[in-house]
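Structure file my_file_12.cif; described as mmCIF, N, CA and C atoms.
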data_input
#
loop_
_atom_site.label_atom_id
_atom_site.label_comp_id
_atom_site.auth_asym_id
_atom_site.auth_seq_id
_atom_site.Cartn_x
_atom_site.Cartn_y
_atom_site.Cartn_z
N MET A 1056 -8.08 -14.12 -7.80
CA MET A 1056 -8.29 -13.65 -6.46
C MET A 1056 -6.94 -13.41 -5.80
N ILE A 1057 -6.77 -12.25 -5.18
CA ILE A 1057 -5.52 -11.90 -4.54
C ILE A 1057 -5.73 -11.87 -3.03
N PHE A 1058 -4.94 -12.66 -2.30
CA PHE A 1058 -5.01 -12.63 -0.85
C PHE A 1058 -4.09 -11.53 -0.34
N TYR A 1059 -4.58 -10.73 0.58
CA TYR A 1059 -3.75 -9.69 1.18
C TYR A 1059 -4.19 -9.45 2.62
N LEU A 1060 -3.30 -8.85 3.39
CA LEU A 1060 -3.58 -8.48 4.76
C LEU A 1060 -4.09 -7.05 4.80
N THR A 1061 -4.85 -6.71 5.83
CA THR A 1061 -5.23 -5.31 6.04
C THR A 1061 -4.09 -4.62 6.77
N VAL A 1062 -4.12 -3.31 6.79
CA VAL A 1062 -3.10 -2.55 7.51
C VAL A 1062 -3.10 -2.94 8.98
N SER A 1063 -4.27 -3.07 9.58
CA SER A 1063 -4.38 -3.46 10.99
C SER A 1063 -3.76 -4.82 11.26
N GLU A 1064 -3.96 -5.77 10.35
CA GLU A 1064 -3.39 -7.11 10.51
C GLU A 1064 -1.86 -7.07 10.46
N VAL A 1065 -1.31 -6.26 9.58
CA VAL A 1065 0.15 -6.13 9.49
C VAL A 1065 0.70 -5.52 10.78
N MET A 1066 0.07 -4.47 11.26
CA MET A 1066 0.54 -3.79 12.45
C MET A 1066 0.43 -4.67 13.70
N ALA A 1067 -0.48 -5.63 13.71
CA ALA A 1067 -0.70 -6.49 14.88
C ALA A 1067 0.26 -7.68 14.93
N GLN A 1068 0.91 -8.02 13.81
CA GLN A 1068 1.78 -9.18 13.78
C GLN A 1068 3.18 -8.83 14.30
N PRO A 1069 3.83 -9.79 14.94
CA PRO A 1069 5.23 -9.58 15.34
C PRO A 1069 6.10 -9.33 14.10
N LEU A 1070 7.07 -8.46 14.23
CA LEU A 1070 7.92 -8.08 13.11
C LEU A 1070 8.62 -9.28 12.48
N LYS A 1071 9.05 -10.25 13.28
CA LYS A 1071 9.77 -11.40 12.73
C LYS A 1071 8.91 -12.21 11.76
N GLU A 1072 7.59 -12.17 11.92
CA GLU A 1072 6.69 -12.89 11.01
C GLU A 1072 6.48 -12.14 9.70
N LEU A 1073 6.90 -10.90 9.65
CA LEU A 1073 6.66 -10.08 8.46
C LEU A 1073 7.91 -9.85 7.62
N SER A 1074 8.97 -10.62 7.85
CA SER A 1074 10.21 -10.40 7.12
C SER A 1074 10.11 -10.81 5.66
N GLN A 1075 9.11 -11.63 5.33
CA GLN A 1075 8.91 -12.03 3.94
C GLN A 1075 8.03 -11.02 3.23
N THR A 1076 7.97 -11.15 1.92
CA THR A 1076 7.13 -10.27 1.11
C THR A 1076 5.66 -10.45 1.50
N GLN A 1077 4.97 -9.34 1.65
CA GLN A 1077 3.57 -9.33 2.05
C GLN A 1077 2.77 -8.51 1.04
N LYS A 1078 1.48 -8.79 0.97
CA LYS A 1078 0.54 -7.96 0.22
C LYS A 1078 -0.38 -7.33 1.24
N VAL A 1079 -0.50 -6.00 1.18
CA VAL A 1079 -1.31 -5.26 2.14
C VAL A 1079 -2.28 -4.37 1.38
N GLY A 1080 -3.54 -4.41 1.78
CA GLY A 1080 -4.57 -3.60 1.13
C GLY A 1080 -5.09 -2.52 2.04
N GLY A 1081 -5.46 -1.40 1.44
CA GLY A 1081 -6.03 -0.30 2.19
C GLY A 1081 -6.34 0.85 1.25
N PHE A 1082 -6.61 2.00 1.85
CA PHE A 1082 -6.95 3.19 1.09
C PHE A 1082 -5.83 4.21 1.20
N VAL A 1083 -5.55 4.90 0.10
CA VAL A 1083 -4.54 5.96 0.09
C VAL A 1083 -5.13 7.17 0.82
N THR A 1084 -4.50 7.58 1.90
CA THR A 1084 -4.98 8.70 2.69
C THR A 1084 -4.90 9.99 1.88
N ALA A 1085 -5.99 10.74 1.88
CA ALA A 1085 -6.03 12.02 1.16
C ALA A 1085 -4.93 12.94 1.67
N GLU A 1086 -4.29 13.62 0.77
CA GLU A 1086 -3.24 14.61 1.03
C GLU A 1086 -1.98 14.02 1.64
N SER A 1087 -1.79 12.71 1.54
CA SER A 1087 -0.56 12.10 2.05
C SER A 1087 0.43 11.76 0.94
N VAL A 1088 0.02 11.90 -0.29
CA VAL A 1088 0.84 11.48 -1.44
C VAL A 1088 1.96 12.48 -1.71
N ARG A 1089 3.18 11.97 -1.74
CA ARG A 1089 4.36 12.76 -2.09
C ARG A 1089 5.04 12.07 -3.26
N TRP A 1090 5.10 12.74 -4.41
CA TRP A 1090 5.62 12.15 -5.65
C TRP A 1090 6.70 13.05 -6.22
N ASP A 1091 7.85 12.47 -6.54
CA ASP A 1091 8.93 13.19 -7.20
C ASP A 1091 9.13 12.57 -8.58
N PRO A 1092 8.63 13.23 -9.63
CA PRO A 1092 8.72 12.65 -10.98
C PRO A 1092 10.16 12.54 -11.50
N LYS A 1093 11.09 13.32 -10.96
CA LYS A 1093 12.48 13.23 -11.41
C LYS A 1093 13.15 11.95 -10.93
N THR A 1094 12.88 11.56 -9.69
CA THR A 1094 13.53 10.37 -9.12
C THR A 1094 12.60 9.15 -9.11
N LEU A 1095 11.33 9.36 -9.50
CA LEU A 1095 10.30 8.31 -9.48
C LEU A 1095 10.10 7.74 -8.07
N LYS A 1096 10.23 8.60 -7.06
CA LYS A 1096 10.03 8.19 -5.67
C LYS A 1096 8.65 8.64 -5.21
N LEU A 1097 7.93 7.72 -4.58
CA LEU A 1097 6.58 7.97 -4.11
C LEU A 1097 6.49 7.55 -2.65
N SER A 1098 5.81 8.35 -1.85
CA SER A 1098 5.46 7.93 -0.50
C SER A 1098 4.03 8.37 -0.24
N PHE A 1099 3.32 7.55 0.54
CA PHE A 1099 1.95 7.87 0.88
C PHE A 1099 1.55 7.07 2.10
N GLU A 1100 0.45 7.46 2.70
CA GLU A 1100 -0.07 6.74 3.85
C GLU A 1100 -1.17 5.80 3.38
N LEU A 1101 -1.10 4.56 3.82
CA LEU A 1101 -2.10 3.54 3.52
C LEU A 1101 -2.87 3.27 4.80
N GLU A 1102 -4.20 3.29 4.74
CA GLU A 1102 -4.98 3.16 5.96
C GLU A 1102 -6.16 2.22 5.79
N ASP A 1103 -6.61 1.70 6.93
CA ASP A 1103 -7.89 1.03 7.01
C ASP A 1103 -8.65 1.75 8.14
N GLN A 1104 -9.67 1.15 8.66
CA GLN A 1104 -10.48 1.84 9.67
C GLN A 1104 -9.79 1.96 11.02
N GLN A 1105 -8.72 1.19 11.24
CA GLN A 1105 -8.10 1.16 12.56
C GLN A 1105 -6.64 1.57 12.61
N ALA A 1106 -5.94 1.53 11.50
CA ALA A 1106 -4.50 1.79 11.53
C ALA A 1106 -4.03 2.37 10.20
N SER A 1107 -2.80 2.87 10.21
CA SER A 1107 -2.20 3.38 8.97
C SER A 1107 -0.71 3.10 9.00
N LEU A 1108 -0.11 3.08 7.82
CA LEU A 1108 1.34 2.94 7.71
C LEU A 1108 1.82 3.76 6.52
N ILE A 1109 3.09 4.12 6.57
CA ILE A 1109 3.70 4.90 5.50
C ILE A 1109 4.32 3.94 4.48
N VAL A 1110 3.95 4.12 3.22
CA VAL A 1110 4.46 3.28 2.13
C VAL A 1110 5.45 4.09 1.32
N SER A 1111 6.61 3.49 1.05
CA SER A 1111 7.61 4.08 0.15
C SER A 1111 7.70 3.19 -1.08
N TYR A 1112 7.84 3.83 -2.24
CA TYR A 1112 7.87 3.09 -3.50
C TYR A 1112 8.75 3.85 -4.47
N SER A 1113 9.44 3.12 -5.33
CA SER A 1113 10.26 3.73 -6.36
C SER A 1113 9.93 3.06 -7.68
N GLY A 1114 9.50 3.84 -8.66
CA GLY A 1114 9.17 3.28 -9.96
C GLY A 1114 8.00 4.00 -10.60
N VAL A 1115 7.51 3.45 -11.68
CA VAL A 1115 6.38 4.02 -12.41
C VAL A 1115 5.10 3.76 -11.61
N VAL A 1116 4.30 4.81 -11.48
CA VAL A 1116 3.06 4.73 -10.70
C VAL A 1116 1.90 4.45 -11.66
N PRO A 1117 1.04 3.49 -11.33
CA PRO A 1117 -0.12 3.19 -12.19
C PRO A 1117 -1.01 4.43 -12.38
N ASP A 1118 -1.60 4.57 -13.55
CA ASP A 1118 -2.45 5.72 -13.86
C ASP A 1118 -3.62 5.87 -12.91
N SER A 1119 -4.17 4.76 -12.42
CA SER A 1119 -5.36 4.84 -11.57
C SER A 1119 -5.03 5.05 -10.09
N PHE A 1120 -3.75 5.23 -9.77
CA PHE A 1120 -3.36 5.52 -8.39
C PHE A 1120 -3.72 6.97 -8.09
N LYS A 1121 -4.43 7.20 -6.98
CA LYS A 1121 -4.79 8.56 -6.58
C LYS A 1121 -5.20 8.56 -5.11
N PRO A 1122 -5.20 9.73 -4.48
CA PRO A 1122 -5.66 9.81 -3.09
C PRO A 1122 -7.09 9.29 -2.97
N GLY A 1123 -7.33 8.51 -1.92
CA GLY A 1123 -8.65 7.95 -1.69
C GLY A 1123 -8.88 6.61 -2.37
N ALA A 1124 -8.00 6.23 -3.30
CA ALA A 1124 -8.16 4.96 -4.02
C ALA A 1124 -7.82 3.78 -3.13
N GLU A 1125 -8.46 2.66 -3.40
CA GLU A 1125 -8.12 1.42 -2.72
C GLU A 1125 -7.01 0.74 -3.50
N VAL A 1126 -5.92 0.40 -2.81
CA VAL A 1126 -4.78 -0.22 -3.46
C VAL A 1126 -4.28 -1.42 -2.67
N ILE A 1127 -3.55 -2.27 -3.34
CA ILE A 1127 -2.82 -3.37 -2.71
C ILE A 1127 -1.35 -3.12 -3.03
N VAL A 1128 -0.53 -3.11 -1.98
CA VAL A 1128 0.91 -2.94 -2.17
C VAL A 1128 1.59 -4.25 -1.81
N GLU A 1129 2.65 -4.56 -2.53
CA GLU A 1129 3.43 -5.75 -2.26
C GLU A 1129 4.84 -5.31 -1.89
N GLY A 1130 5.38 -5.87 -0.82
CA GLY A 1130 6.72 -5.51 -0.38
C GLY A 1130 6.98 -6.03 1.01
N THR A 1131 7.80 -5.30 1.77
CA THR A 1131 8.16 -5.74 3.11
C THR A 1131 7.89 -4.65 4.14
N TYR A 1132 7.43 -5.10 5.31
CA TYR A 1132 7.17 -4.20 6.42
C TYR A 1132 8.44 -4.07 7.23
N GLY A 1133 8.88 -2.83 7.44
CA GLY A 1133 10.13 -2.61 8.14
C GLY A 1133 9.99 -2.24 9.60
N GLY A 1134 8.77 -2.29 10.12
CA GLY A 1134 8.56 -1.88 11.50
C GLY A 1134 8.36 -0.38 11.59
N ASN A 1135 8.00 0.09 12.76
CA ASN A 1135 7.78 1.52 13.00
C ASN A 1135 6.80 2.16 12.01
N GLY A 1136 5.87 1.37 11.50
CA GLY A 1136 4.85 1.92 10.62
C GLY A 1136 5.32 2.21 9.21
N SER A 1137 6.43 1.59 8.77
CA SER A 1137 6.93 1.85 7.42
C SER A 1137 6.89 0.57 6.58
N PHE A 1138 6.55 0.72 5.31
CA PHE A 1138 6.42 -0.40 4.39
C PHE A 1138 7.14 -0.03 3.10
N GLN A 1139 8.05 -0.89 2.64
CA GLN A 1139 8.77 -0.67 1.38
C GLN A 1139 8.09 -1.49 0.30
N ALA A 1140 7.40 -0.82 -0.61
CA ALA A 1140 6.65 -1.51 -1.66
C ALA A 1140 7.51 -1.72 -2.90
N THR A 1141 7.31 -2.88 -3.52
CA THR A 1141 7.94 -3.16 -4.81
C THR A 1141 6.91 -3.12 -5.93
N THR A 1142 5.63 -3.21 -5.56
CA THR A 1142 4.54 -3.19 -6.52
C THR A 1142 3.35 -2.46 -5.92
N ILE A 1143 2.66 -1.68 -6.74
CA ILE A 1143 1.41 -1.02 -6.35
C ILE A 1143 0.34 -1.48 -7.34
N MET A 1144 -0.75 -2.01 -6.80
CA MET A 1144 -1.85 -2.50 -7.64
C MET A 1144 -3.14 -1.82 -7.22
N PRO A 1145 -3.59 -0.79 -7.94
CA PRO A 1145 -4.89 -0.20 -7.62
C PRO A 1145 -5.99 -1.22 -7.86
N LYS A 1146 -6.94 -1.28 -6.94
CA LYS A 1146 -8.09 -2.18 -7.12
C LYS A 1146 -9.06 -1.50 -8.07
N CYS A 1147 -9.54 -2.25 -9.01
CA CYS A 1147 -10.49 -1.72 -9.99
C CYS A 1147 -11.90 -2.07 -9.56
N ALA A 1148 -12.72 -1.06 -9.46
CA ALA A 1148 -14.13 -1.29 -9.16
C ALA A 1148 -14.79 -1.92 -10.38
N SER A 1149 -15.51 -2.97 -10.14
CA SER A 1149 -16.18 -3.64 -11.24
C SER A 1149 -17.49 -2.92 -11.56
N LYS A 1150 -17.71 -2.65 -12.81
CA LYS A 1150 -18.98 -2.00 -13.18
C LYS A 1150 -20.13 -2.98 -13.15
N TYR A 1151 -19.82 -4.27 -12.89
CA TYR A 1151 -20.87 -5.30 -12.83
C TYR A 1151 -21.30 -5.63 -11.41
N GLU A 1152 -20.71 -4.96 -10.41
CA GLU A 1152 -21.08 -5.24 -9.02
C GLU A 1152 -22.41 -4.63 -8.68
#

Final structure tokens representation of the file:
Amino acid sequence: MIFYLTVSEVMAQPLKELSQTQKVGGFVTAESVRWDPKTLKLSFELEDQQASLIVSYSGVVPDSFKPGAEVIVEGTYGGNGSFQATTIMPKCASKYE
């Protein structure tokens, strides 16, 4: 079981409380994904029903990452709606649910 905050919860907390590594879950906003395969730089918008933030990431992107997918990102919130991710974990829908 992975504990994570929603986008709304991150945006509601004072910035000083978010200086440590956080896990944030939400949905990848359709048409927000910007990927540069040469530099391995990715940016996208992560949203829940009430808020959104821009996620920046550098590295190999998981195969199941796509617009509309539910993901958990791990990293630090920099304020002003920006999040620097060090890990992207797409949530896998269980076929047994």

Next item on the list: Could you check how far atom CA of Glu1086 of chain A sits from atom CA of Ile1109 of chain A, in Å to one decimal?
Entry: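 Interatomic distance, atom CA of Glu1086 of chain A to atom CA of Ile1109 of chain A: 12.7 Å.
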
Note to self: Report as a VMD selection string all protein, DNA and RNA residues lying within 7 Å of Ser1137 of chain A, evaluated on only N, CA and C atoms, omitting residues in the same chain fewer than 5 positions from it.
What the structure shows: chain A and resid 1108 to 1111 1131 to 1132

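Here the PyMOL selection byres ((chain A and resi 1088) around 5) catches exactly these residues: Glu1086, Ser1087, Arg1089, Trp1090, Ser1098 and Phe1099 of chain A.
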
Check: In Å to one decimal, how far is atom C of Glu1064 of chain A from atom CA of Thr1141 of chain A?
Finding: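 Atom C of Glu1064 of chain A lies at a distance of 18.6 Å from atom CA of Thr1141 of chain A.
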
Go through the shown structure with the PyMOL selection byres (((chain A and resi 1081-1083 and name CA) around 10) and name CA) and write out the matching residues as a PDB file with N, CA and C atoms, in the coordinates of the input.
ATOM      1  N   TYR A1059      -4.580 -10.730   0.580  1.00  0.00           N
ATOM      2  CA  TYR A1059      -3.750  -9.690   1.180  1.00  0.00           C
ATOM      3  C   TYR A1059      -4.190  -9.450   2.620  1.00  0.00           C
ATOM      4  N   LEU A1060      -3.300  -8.850   3.390  1.00  0.00           N
ATOM      5  CA  LEU A1060      -3.580  -8.480   4.760  1.00  0.00           C
ATOM      6  C   LEU A1060      -4.090  -7.050   4.800  1.00  0.00           C
ATOM      7  N   THR A1061      -4.850  -6.710   5.830  1.00  0.00           N
ATOM      8  CA  THR A1061      -5.230  -5.310   6.040  1.00  0.00           C
ATOM      9  C   THR A1061      -4.090  -4.620   6.770  1.00  0.00           C
ATOM     10  N   VAL A1062      -4.120  -3.310   6.790  1.00  0.00           N
ATOM     11  CA  VAL A1062      -3.100  -2.550   7.510  1.00  0.00           C
ATOM     12  C   VAL A1062      -3.100  -2.940   8.980  1.00  0.00           C
ATOM     13  N   SER A1063      -4.270  -3.070   9.580  1.00  0.00           N
ATOM     14  CA  SER A1063      -4.380  -3.460  10.990  1.00  0.00           C
ATOM     15  C   SER A1063      -3.760  -4.820  11.260  1.00  0.00           C
ATOM     16  N   VAL A1079      -0.500  -6.000   1.180  1.00  0.00           N
ATOM     17  CA  VAL A1079      -1.310  -5.260   2.140  1.00  0.00           C
ATOM     18  C   VAL A1079      -2.280  -4.370   1.380  1.00  0.00           C
ATOM     19  N   GLY A1080      -3.540  -4.410   1.780  1.00  0.00           N
ATOM     20  CA  GLY A1080      -4.570  -3.600   1.130  1.00  0.00           C
ATOM     21  C   GLY A1080      -5.090  -2.520   2.040  1.00  0.00           C
ATOM     22  N   THR A1084      -4.500   7.580   1.900  1.00  0.00           N
ATOM     23  CA  THR A1084      -4.980   8.700   2.690  1.00  0.00           C
ATOM     24  C   THR A1084      -4.900   9.990   1.880  1.00  0.00           C
ATOM     25  N   ALA A1085      -5.990  10.740   1.880  1.00  0.00           N
ATOM     26  CA  ALA A1085      -6.030  12.020   1.160  1.00  0.00           C
ATOM     27  C   ALA A1085      -4.930  12.940   1.670  1.00  0.00           C
ATOM     28  N   GLU A1086      -4.290  13.620   0.770  1.00  0.00           N
ATOM     29  CA  GLU A1086      -3.240  14.610   1.030  1.00  0.00           C
ATOM     30  C   GLU A1086      -1.980  14.020   1.640  1.00  0.00           C
ATOM     31  N   SER A1087      -1.790  12.710   1.540  1.00  0.00           N
ATOM     32  CA  SER A1087      -0.560  12.100   2.050  1.00  0.00           C
ATOM     33  C   SER A1087       0.430  11.760   0.940  1.00  0.00           C
ATOM     34  N   VAL A1088       0.020  11.900  -0.290  1.00  0.00           N
ATOM     35  CA  VAL A1088       0.840  11.480  -1.440  1.00  0.00           C
ATOM     36  C   VAL A1088       1.960  12.480  -1.710  1.00  0.00           C
ATOM     37  N   PHE A1099       3.320   7.550   0.540  1.00  0.00           N
ATOM     38  CA  PHE A1099       1.950   7.870   0.880  1.00  0.00           C
ATOM     39  C   PHE A1099       1.550   7.070   2.100  1.00  0.00           C
ATOM     40  N   GLU A1100       0.450   7.460   2.700  1.00  0.00           N
ATOM     41  CA  GLU A1100      -0.070   6.740   3.850  1.00  0.00           C
ATOM     42  C   GLU A1100      -1.170   5.800   3.380  1.00  0.00           C
ATOM     43  N   LEU A1101      -1.100   4.560   3.820  1.00  0.00           N
ATOM     44  CA  LEU A1101      -2.100   3.540   3.520  1.00  0.00           C
ATOM     45  C   LEU A1101      -2.870   3.270   4.800  1.00  0.00           C
ATOM     46  N   GLU A1102      -4.200   3.290   4.740  1.00  0.00           N
ATOM     47  CA  GLU A1102      -4.980   3.160   5.960  1.00  0.00           C
ATOM     48  C   GLU A1102      -6.160   2.220   5.790  1.00  0.00           C
ATOM     49  N   ASP A1103      -6.610   1.700   6.930  1.00  0.00           N
ATOM     50  CA  ASP A1103      -7.890   1.030   7.010  1.00  0.00           C
ATOM     51  C   ASP A1103      -8.650   1.750   8.140  1.00  0.00           C
ATOM     52  N   GLN A1104      -9.670   1.150   8.660  1.00  0.00           N
ATOM     53  CA  GLN A1104     -10.480   1.840   9.670  1.00  0.00           C
ATOM     54  C   GLN A1104      -9.790   1.960  11.020  1.00  0.00           C
ATOM     55  N   ALA A1106      -5.940   1.530  11.500  1.00  0.00           N
ATOM     56  CA  ALA A1106      -4.500   1.790  11.530  1.00  0.00           C
ATOM     57  C   ALA A1106      -4.030   2.370  10.200  1.00  0.00           C
ATOM     58  N   SER A1107      -2.800   2.870  10.210  1.00  0.00           N
ATOM     59  CA  SER A1107      -2.200   3.380   8.970  1.00  0.00           C
ATOM     60  C   SER A1107      -0.710   3.100   9.000  1.00  0.00           C
ATOM     61  N   LEU A1108      -0.110   3.080   7.820  1.00  0.00           N
ATOM     62  CA  LEU A1108       1.340   2.940   7.710  1.00  0.00           C
ATOM     63  C   LEU A1108       1.820   3.760   6.520  1.00  0.00           C
ATOM     64  N   ILE A1109       3.090   4.120   6.570  1.00  0.00           N
ATOM     65  CA  ILE A1109       3.700   4.900   5.500  1.00  0.00           C
ATOM     66  C   ILE A1109       4.320   3.940   4.480  1.00  0.00           C
ATOM     67  N   VAL A1110       3.950   4.120   3.220  1.00  0.00           N
ATOM     68  CA  VAL A1110       4.460   3.280   2.130  1.00  0.00           C
ATOM     69  C   VAL A1110       5.450   4.090   1.320  1.00  0.00           C
ATOM     70  N   PHE A1120      -3.750   5.230  -9.770  1.00  0.00           N
ATOM     71  CA  PHE A1120      -3.360   5.520  -8.390  1.00  0.00           C
ATOM     72  C   PHE A1120      -3.720   6.970  -8.090  1.00  0.00           C
ATOM     73  N   LYS A1121      -4.430   7.200  -6.980  1.00  0.00           N
ATOM     74  CA  LYS A1121      -4.790   8.560  -6.580  1.00  0.00           C
ATOM     75  C   LYS A1121      -5.200   8.560  -5.110  1.00  0.00           C
ATOM     76  N   PRO A1122      -5.200   9.730  -4.480  1.00  0.00           N
ATOM     77  CA  PRO A1122      -5.660   9.810  -3.090  1.00  0.00           C
ATOM     78  C   PRO A1122      -7.090   9.290  -2.970  1.00  0.00           C
ATOM     79  N   GLY A1123      -7.330   8.510  -1.920  1.00  0.00           N
ATOM     80  CA  GLY A1123      -8.650   7.950  -1.690  1.00  0.00           C
ATOM     81  C   GLY A1123      -8.880   6.610  -2.370  1.00  0.00           C
ATOM     82  N   ALA A1124      -8.000   6.230  -3.300  1.00  0.00           N
ATOM     83  CA  ALA A1124      -8.160   4.960  -4.020  1.00  0.00           C
ATOM     84  C   ALA A1124      -7.820   3.780  -3.130  1.00  0.00           C
ATOM     85  N   GLU A1125      -8.460   2.660  -3.400  1.00  0.00           N
ATOM     86  CA  GLU A1125      -8.120   1.420  -2.720  1.00  0.00           C
ATOM     87  C   GLU A1125      -7.010   0.740  -3.500  1.00  0.00           C
ATOM     88  N   VAL A1126      -5.920   0.400  -2.810  1.00  0.00           N
ATOM     89  CA  VAL A1126      -4.780  -0.220  -3.460  1.00  0.00           C
ATOM     90  C   VAL A1126      -4.280  -1.420  -2.670  1.00  0.00           C
ATOM     91  N   ILE A1127      -3.550  -2.270  -3.340  1.00  0.00           N
ATOM     92  CA  ILE A1127      -2.820  -3.370  -2.710  1.00  0.00           C
ATOM     93  C   ILE A1127      -1.350  -3.120  -3.030  1.00  0.00           C
ATOM     94  N   VAL A1128      -0.530  -3.110  -1.980  1.00  0.00           N
ATOM     95  CA  VAL A1128       0.910  -2.940  -2.170  1.00  0.00           C
ATOM     96  C   VAL A1128       1.590  -4.250  -1.810  1.00  0.00           C
ATOM     97  N   PRO A1145      -3.590  -0.790  -7.940  1.00  0.00           N
ATOM     98  CA  PRO A1145      -4.890  -0.200  -7.620  1.00  0.00           C
ATOM     99  C   PRO A1145      -5.990  -1.220  -7.860  1.00  0.00           C
ATOM    100  N   LYS A1146      -6.940  -1.280  -6.940  1.00  0.00           N
ATOM    101  CA  LYS A1146      -8.090  -2.180  -7.120  1.00  0.00           C
ATOM    102  C   LYS A1146      -9.060  -1.500  -8.070  1.00  0.00           C
TER     103      LYS A1146
END

Check: At what distance in Å, to one decimal, does atom CA of Tyr1112 of chain A lie from atom CA of Leu1097 of chain A?
Finding: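 According to the coordinates, atom CA of Leu1097 of chain A and atom CA of Tyr1112 of chain A are separated by 5.1 Å.
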